[in-house]
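Below is one structure, written out as structure tokens, with a few remarks after it.
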Number of protein chains: 2
Amino acid sequence: MMATVPMTVAGLKKACSQCNLLELCLPFGMIDSDIHRLDELVGARRKIKRHQPLYRTGDLFEAIYAIRIGSFKTDVLLEDGREQVTGFQMTGEILGLDGISTELHSCNAIALEDSEVCVIPYAKLEELARVIEGLQHQFHKVMSREIVRDHGVMMLLGSMRAEERLAAFLLNMSQRFTARGFSASEFHLRMTREEIGSYLGLKLETVSRAFSRFQDEGLVAVQQKHIRILDNSRLKKLIQHQPSVR
Amino acid sequence: MMATVPMTVAGLKKACSQCNLLELCLPFGMIDSDIHRLDELVGARRKIKRHQPLYRTGDLFEAIYAIRIGSFKTDVLLEDGREQVTGFQMTGEILGLDGISTELHSCNAIALEDSEVCVIPYAKLEELARVIEGLQHQFHKVMSREIVRDHGVMMLLGSMRAEERLAAFLLNMSQRFTARGFSASEFHLRMTREEIGSYLGLKLETVSRAFSRFQDEGLVAVQQKHIRILDNSRLKKLIQHQPSVR
DNA sequence: TCGCGCGGTTGATCCATGTCAACCAGAGAG
DNA sequence: CTCTCTGGTTGACATGGATCAACCGCGCGA
């Protein structure tokens, strides 16, 4: 059983230019001729089984990863066992940026379902970014977007109440599913209540109760991991309506 | 009254190579000959008065900034007035990375005291990064470090209790003062209790009470914004000792 | 097909932190 | 030197979410 499945060179030569995730992934916004030059960038593909790590805290950093199939969570563990989920990633999104700063990964990336990633050797990426302006710029955008996203999560964790957090989470998921051509109003969550809770800074019971309340209020229909958003606009209002009128 | 104070070309030509913040700032780790080439990068310097913004949410992104003198906070505002401080920045640290992704700044950067920054035009930075490998790499490291730092804050906000958060905050400040050649155990905070609270996801009263409790316990001596750390190791233990033994 | 176990839901109670309010101290203005 | 204002401290009380515990039901393996 190999965890890593290198592909033939022939199979890889067309990695990016033929990929249907182009719109979401690193090559976004690049001109066609440059995208063809990207094909040499992707070193291999790697399949990761559900619950298996793509990388772990402390692993040597050598590559970043673009998700082709499936989804992941990233988390940070404290010595005493506490876990903080720092993000959920879906197809087209980039994993591993945390490793650049120290050459060691600073979090764990765990597959939420059987998944597959493109391995992008970091040295080669830097090299190519020096000659393909579009790649350089897009890569910087991807990192910056991650920083902005993190600020959003801080906002969530620092200033919002439980139901606001869950509403924001659902709307964010919905928006990302939409961007991938799936339904905005009906989707399947790949993570457990506990993982959602860890991400949102809540206990799983609180997440569960918030789901139930949303259901009672007719905002969403919840059946385990299957979510149907019934009242998008009321959900949106929930987020930025101050709770106490003072 | 000009907010922006462009310097003479002569004054700028030596911007980075003569700067004593070299060890902390963008040029870190670069070889001497490259650092000299950096001198052309810094476009101007800008002085910012206490409480004034370096940039605001929605401002067009054109440059990143390296802090020469002083300190800043960055924050995100919600429509209903809630504020989340996303970070405090000191000399040598880089501001503005949030703007790359959308070409618009996505947070406010406010001076906590009279400060001065080096303006680094982003277009020029990308251009130089394509020819100076060391600059490219260091720039990526800076962005990655920001992402890792953000994950740490999420950990704080998502999984730690009030006193743990404050302890982590104090230790982080101490470590950063040390890196700048100041005392590790005695320093002056530039931000208010409310700003600390916003950063840590707490109300100012809770911050104040935690300070008082630390003082009672002999961990630190607090006099308004002046902090003296008396028992570093006990402070450290506070962070990762699970509170409930179950 | 049945039984087991994990993930999810719900209820009762507790507690950390928020809220509201009073007061205090130092800094800056007149 | 005093007044005032802003930031900080402290106390009393309220509450959102955590904790603990019971139970439920779906999916998987035997």
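Here's how to read the names in the structure tokens: chain A, B, ... by the order shown, residue numbers from 1 in each chain, ligand numbers from 1 in the order shown.
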Residues of chain A within 10 Å of chain D: nearest atom pair and distance (Å, one decimal) for each, counting only C-alpha atoms (C1' of nucleotides), sorted by chain and number, as a Markdown table?
| residue | atom | partner | partner_atom | distance |
| --- | --- | --- | --- | --- |
| A:Arg161 | CA | D:DG16 | C1' | 8.5 |
| A:Ala162 | CA | D:DG17 | C1' | 8.1 |
| A:Leu202 | CA | D:DG17 | C1' | 8.0 |
| A:Lys203 | CA | D:DA18 | C1' | 7.3 |
| A:Glu205 | CA | D:DA18 | C1' | 8.9 |
| A:Thr206 | CA | D:DG17 | C1' | 7.0 |
| A:Gln224 | CA | D:DC26 | C1' | 9.6 |
Tell me the residues of chain A close to chain B, meaning within 6 Å using only C-alpha atoms, as a CSV table (one decimal) with C-alpha atoms, in the first residue's frame.
chain,number,residue,atom,x,y,z
A,84,GLN,CA,-8.1,24.1,17.4
A,98,ASP,CA,2.0,27.6,6.9
A,100,ILE,CA,7.1,28.4,4.4
A,101,SER,CA,8.1,30.5,7.4
A,130,ARG,CA,10.4,34.4,-10.9
A,141,LYS,CA,-2.9,36.7,-3.8
A,144,SER,CA,-3.0,37.3,1.2
A,145,ARG,CA,-6.5,35.8,0.8
A,147,ILE,CA,-4.5,36.2,5.8
A,148,VAL,CA,-7.8,38.0,5.2
A,155,MET,CA,-13.7,38.4,14.1
A,157,LEU,CA,-14.1,34.0,17.4
A,158,GLY,CA,-13.5,37.3,19.1
A,201,GLY,CA,-14.7,28.1,19.4
Next on the checklist: So that I can check the secondary structure, give me every residue of range 60-211 of chain A assigned strand (DSSP E or B) by backbone DSSP, as a PyMOL selection string.
Outcome noted: chain A and resi 60+63-69+72-77+83-89+94-95+104+108-111+115-121+186-188
Residues just named, written with N, CA and C atoms as an mmCIF file, in the first residue's frame:
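Full text of selection20.cif as output:
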data_model
loop_
_atom_site.group_PDB
_atom_site.id
_atom_site.type_symbol
_atom_site.label_atom_id
_atom_site.label_comp_id
_atom_site.auth_asym_id
_atom_site.auth_seq_id
_atom_site.Cartn_x
_atom_site.Cartn_y
_atom_site.Cartn_z
ATOM 1 N N LEU A 60 8.830 18.206 7.690
ATOM 2 C CA LEU A 60 9.618 19.077 6.836
ATOM 3 C C LEU A 60 8.741 19.634 5.717
ATOM 4 N N ALA A 63 6.674 21.159 -0.083
ATOM 5 C CA ALA A 63 5.732 21.441 -1.159
ATOM 6 C C ALA A 63 4.453 22.038 -0.599
ATOM 7 N N ILE A 64 3.747 22.749 -1.456
ATOM 8 C CA ILE A 64 2.374 23.086 -1.117
ATOM 9 C C ILE A 64 1.474 22.180 -1.934
ATOM 10 N N TYR A 65 0.196 22.169 -1.611
ATOM 11 C CA TYR A 65 -0.716 21.203 -2.207
ATOM 12 C C TYR A 65 -1.974 21.901 -2.685
ATOM 13 N N ALA A 66 -2.428 21.511 -3.856
ATOM 14 C CA ALA A 66 -3.710 22.000 -4.354
ATOM 15 C C ALA A 66 -4.683 20.834 -4.305
ATOM 16 N N ILE A 67 -5.836 21.049 -3.728
ATOM 17 C CA ILE A 67 -6.798 19.950 -3.597
ATOM 18 C C ILE A 67 -7.501 19.720 -4.926
ATOM 19 N N ARG A 68 -7.407 18.507 -5.406
ATOM 20 C CA ARG A 68 -8.092 18.128 -6.652
ATOM 21 C C ARG A 68 -9.457 17.528 -6.351
ATOM 22 N N ILE A 69 -9.455 16.642 -5.373
ATOM 23 C CA ILE A 69 -10.675 15.921 -5.019
ATOM 24 C C ILE A 69 -10.757 15.853 -3.501
ATOM 25 N N PHE A 72 -10.349 18.863 3.334
ATOM 26 C CA PHE A 72 -9.439 18.699 4.475
ATOM 27 C C PHE A 72 -9.827 19.634 5.599
ATOM 28 N N LYS A 73 -9.288 19.330 6.772
ATOM 29 C CA LYS A 73 -9.264 20.318 7.848
ATOM 30 C C LYS A 73 -7.811 20.534 8.219
ATOM 31 N N THR A 74 -7.494 21.737 8.707
ATOM 32 C CA THR A 74 -6.181 21.965 9.308
ATOM 33 C C THR A 74 -6.404 22.240 10.782
ATOM 34 N N ASP A 75 -5.546 21.710 11.628
ATOM 35 C CA ASP A 75 -5.693 22.005 13.048
ATOM 36 C C ASP A 75 -4.358 22.136 13.755
ATOM 37 N N VAL A 76 -4.416 22.774 14.904
ATOM 38 C CA VAL A 76 -3.257 22.966 15.766
ATOM 39 C C VAL A 76 -3.580 22.270 17.084
ATOM 40 N N LEU A 77 -2.622 21.503 17.588
ATOM 41 C CA LEU A 77 -2.841 20.810 18.855
ATOM 42 C C LEU A 77 -2.012 21.445 19.964
ATOM 43 N N GLU A 83 -7.590 20.912 20.842
ATOM 44 C CA GLU A 83 -7.454 21.046 19.393
ATOM 45 C C GLU A 83 -8.137 22.327 18.932
ATOM 46 N N GLN A 84 -7.473 23.037 18.046
ATOM 47 C CA GLN A 84 -8.149 24.143 17.386
ATOM 48 C C GLN A 84 -8.127 23.891 15.893
ATOM 49 N N VAL A 85 -9.299 23.718 15.305
ATOM 50 C CA VAL A 85 -9.378 23.623 13.854
ATOM 51 C C VAL A 85 -9.210 25.026 13.291
ATOM 52 N N THR A 86 -8.223 25.205 12.411
ATOM 53 C CA THR A 86 -7.954 26.546 11.893
ATOM 54 C C THR A 86 -8.600 26.773 10.532
ATOM 55 N N GLY A 87 -9.084 25.701 9.903
ATOM 56 C CA GLY A 87 -9.762 25.902 8.637
ATOM 57 C C GLY A 87 -10.236 24.612 8.012
ATOM 58 N N PHE A 88 -11.202 24.750 7.113
ATOM 59 C CA PHE A 88 -11.654 23.637 6.279
ATOM 60 C C PHE A 88 -11.344 24.012 4.837
ATOM 61 N N GLN A 89 -10.779 23.088 4.083
ATOM 62 C CA GLN A 89 -10.388 23.407 2.708
ATOM 63 C C GLN A 89 -11.101 22.501 1.716
ATOM 64 N N ILE A 94 -5.552 25.829 -1.546
ATOM 65 C CA ILE A 94 -4.141 25.504 -1.372
ATOM 66 C C ILE A 94 -3.831 25.188 0.090
ATOM 67 N N LEU A 95 -3.102 24.123 0.293
ATOM 68 C CA LEU A 95 -2.694 23.714 1.636
ATOM 69 C C LEU A 95 -1.182 23.803 1.783
ATOM 70 N N LEU A 104 9.170 24.121 8.393
ATOM 71 C CA LEU A 104 8.479 23.000 9.039
ATOM 72 C C LEU A 104 6.995 23.324 9.047
ATOM 73 N N ASN A 108 -1.538 20.449 11.364
ATOM 74 C CA ASN A 108 -1.854 19.177 10.726
ATOM 75 C C ASN A 108 -2.892 19.409 9.646
ATOM 76 N N ALA A 109 -2.749 18.702 8.534
ATOM 77 C CA ALA A 109 -3.780 18.750 7.492
ATOM 78 C C ALA A 109 -4.343 17.343 7.356
ATOM 79 N N ILE A 110 -5.615 17.197 7.685
ATOM 80 C CA ILE A 110 -6.241 15.876 7.732
ATOM 81 C C ILE A 110 -7.376 15.801 6.715
ATOM 82 N N ALA A 111 -7.406 14.720 5.950
ATOM 83 C CA ALA A 111 -8.471 14.542 4.956
ATOM 84 C C ALA A 111 -9.794 14.255 5.653
ATOM 85 N N SER A 115 -9.399 11.738 -0.557
ATOM 86 C CA SER A 115 -9.085 12.952 -1.305
ATOM 87 C C SER A 115 -7.842 12.774 -2.164
ATOM 88 N N GLU A 116 -7.631 13.750 -3.030
ATOM 89 C CA GLU A 116 -6.436 13.727 -3.863
ATOM 90 C C GLU A 116 -5.920 15.148 -4.042
ATOM 91 N N VAL A 117 -4.594 15.298 -3.938
ATOM 92 C CA VAL A 117 -3.996 16.620 -4.064
ATOM 93 C C VAL A 117 -2.928 16.617 -5.143
ATOM 94 N N CYS A 118 -2.672 17.805 -5.702
ATOM 95 C CA CYS A 118 -1.519 17.997 -6.572
ATOM 96 C C CYS A 118 -0.369 18.481 -5.707
ATOM 97 N N VAL A 119 0.765 17.835 -5.837
ATOM 98 C CA VAL A 119 1.941 18.235 -5.072
ATOM 99 C C VAL A 119 2.706 19.284 -5.868
ATOM 100 N N ILE A 120 2.910 20.433 -5.279
ATOM 101 C CA ILE A 120 3.618 21.518 -5.958
ATOM 102 C C ILE A 120 4.916 21.782 -5.207
ATOM 103 N N PRO A 121 6.021 21.239 -5.697
ATOM 104 C CA PRO A 121 7.301 21.415 -4.991
ATOM 105 C C PRO A 121 7.593 22.904 -4.839
ATOM 106 N N GLU A 186 -28.267 23.691 -0.669
ATOM 107 C CA GLU A 186 -28.359 22.322 -0.176
ATOM 108 C C GLU A 186 -27.006 21.646 -0.333
ATOM 109 N N PHE A 187 -26.444 21.184 0.770
ATOM 110 C CA PHE A 187 -25.129 20.556 0.686
ATOM 111 C C PHE A 187 -24.894 19.613 1.856
ATOM 112 N N HIS A 188 -23.797 18.924 1.710
ATOM 113 C CA HIS A 188 -23.445 17.901 2.684
ATOM 114 C C HIS A 188 -22.156 18.317 3.381
#
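In this model, the gap between CA of Ser71 in chain B and CA of Arg46 in chain B comes to 13.3 Å.
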Checklist entry - Please, what distance in Å, to one decimal, runs between CA of Val220 in chain B and C1' of DA25 in chain C? => result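 Rounded to one decimal, the two atoms are 20.2 Å apart.
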Item to check | Proximal residues of chain A relative to chain C (only C-alpha atoms (C1' of nucleotides); 8 Å) as an MDAnalysis selection string | outcome: chainID A and resid 192:193 208:209 224
How would the residues just picked look written out with C-alpha atoms as a CSV table (one decimal), in the first residue's frame?
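Resulting contents of selection02.csv:
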chain,number,residue,atom,x,y,z
A,192,THR,CA,-18.5,16.4,12.5
A,193,ARG,CA,-20.2,18.7,15.0
A,208,SER,CA,-26.0,21.0,17.9
A,209,ARG,CA,-28.4,23.2,19.8
A,224,GLN,CA,-27.3,15.1,10.4
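For the pair CA of Leu166 in chain A and CA of Met90 in chain A, the interatomic distance is 18.4 Å.
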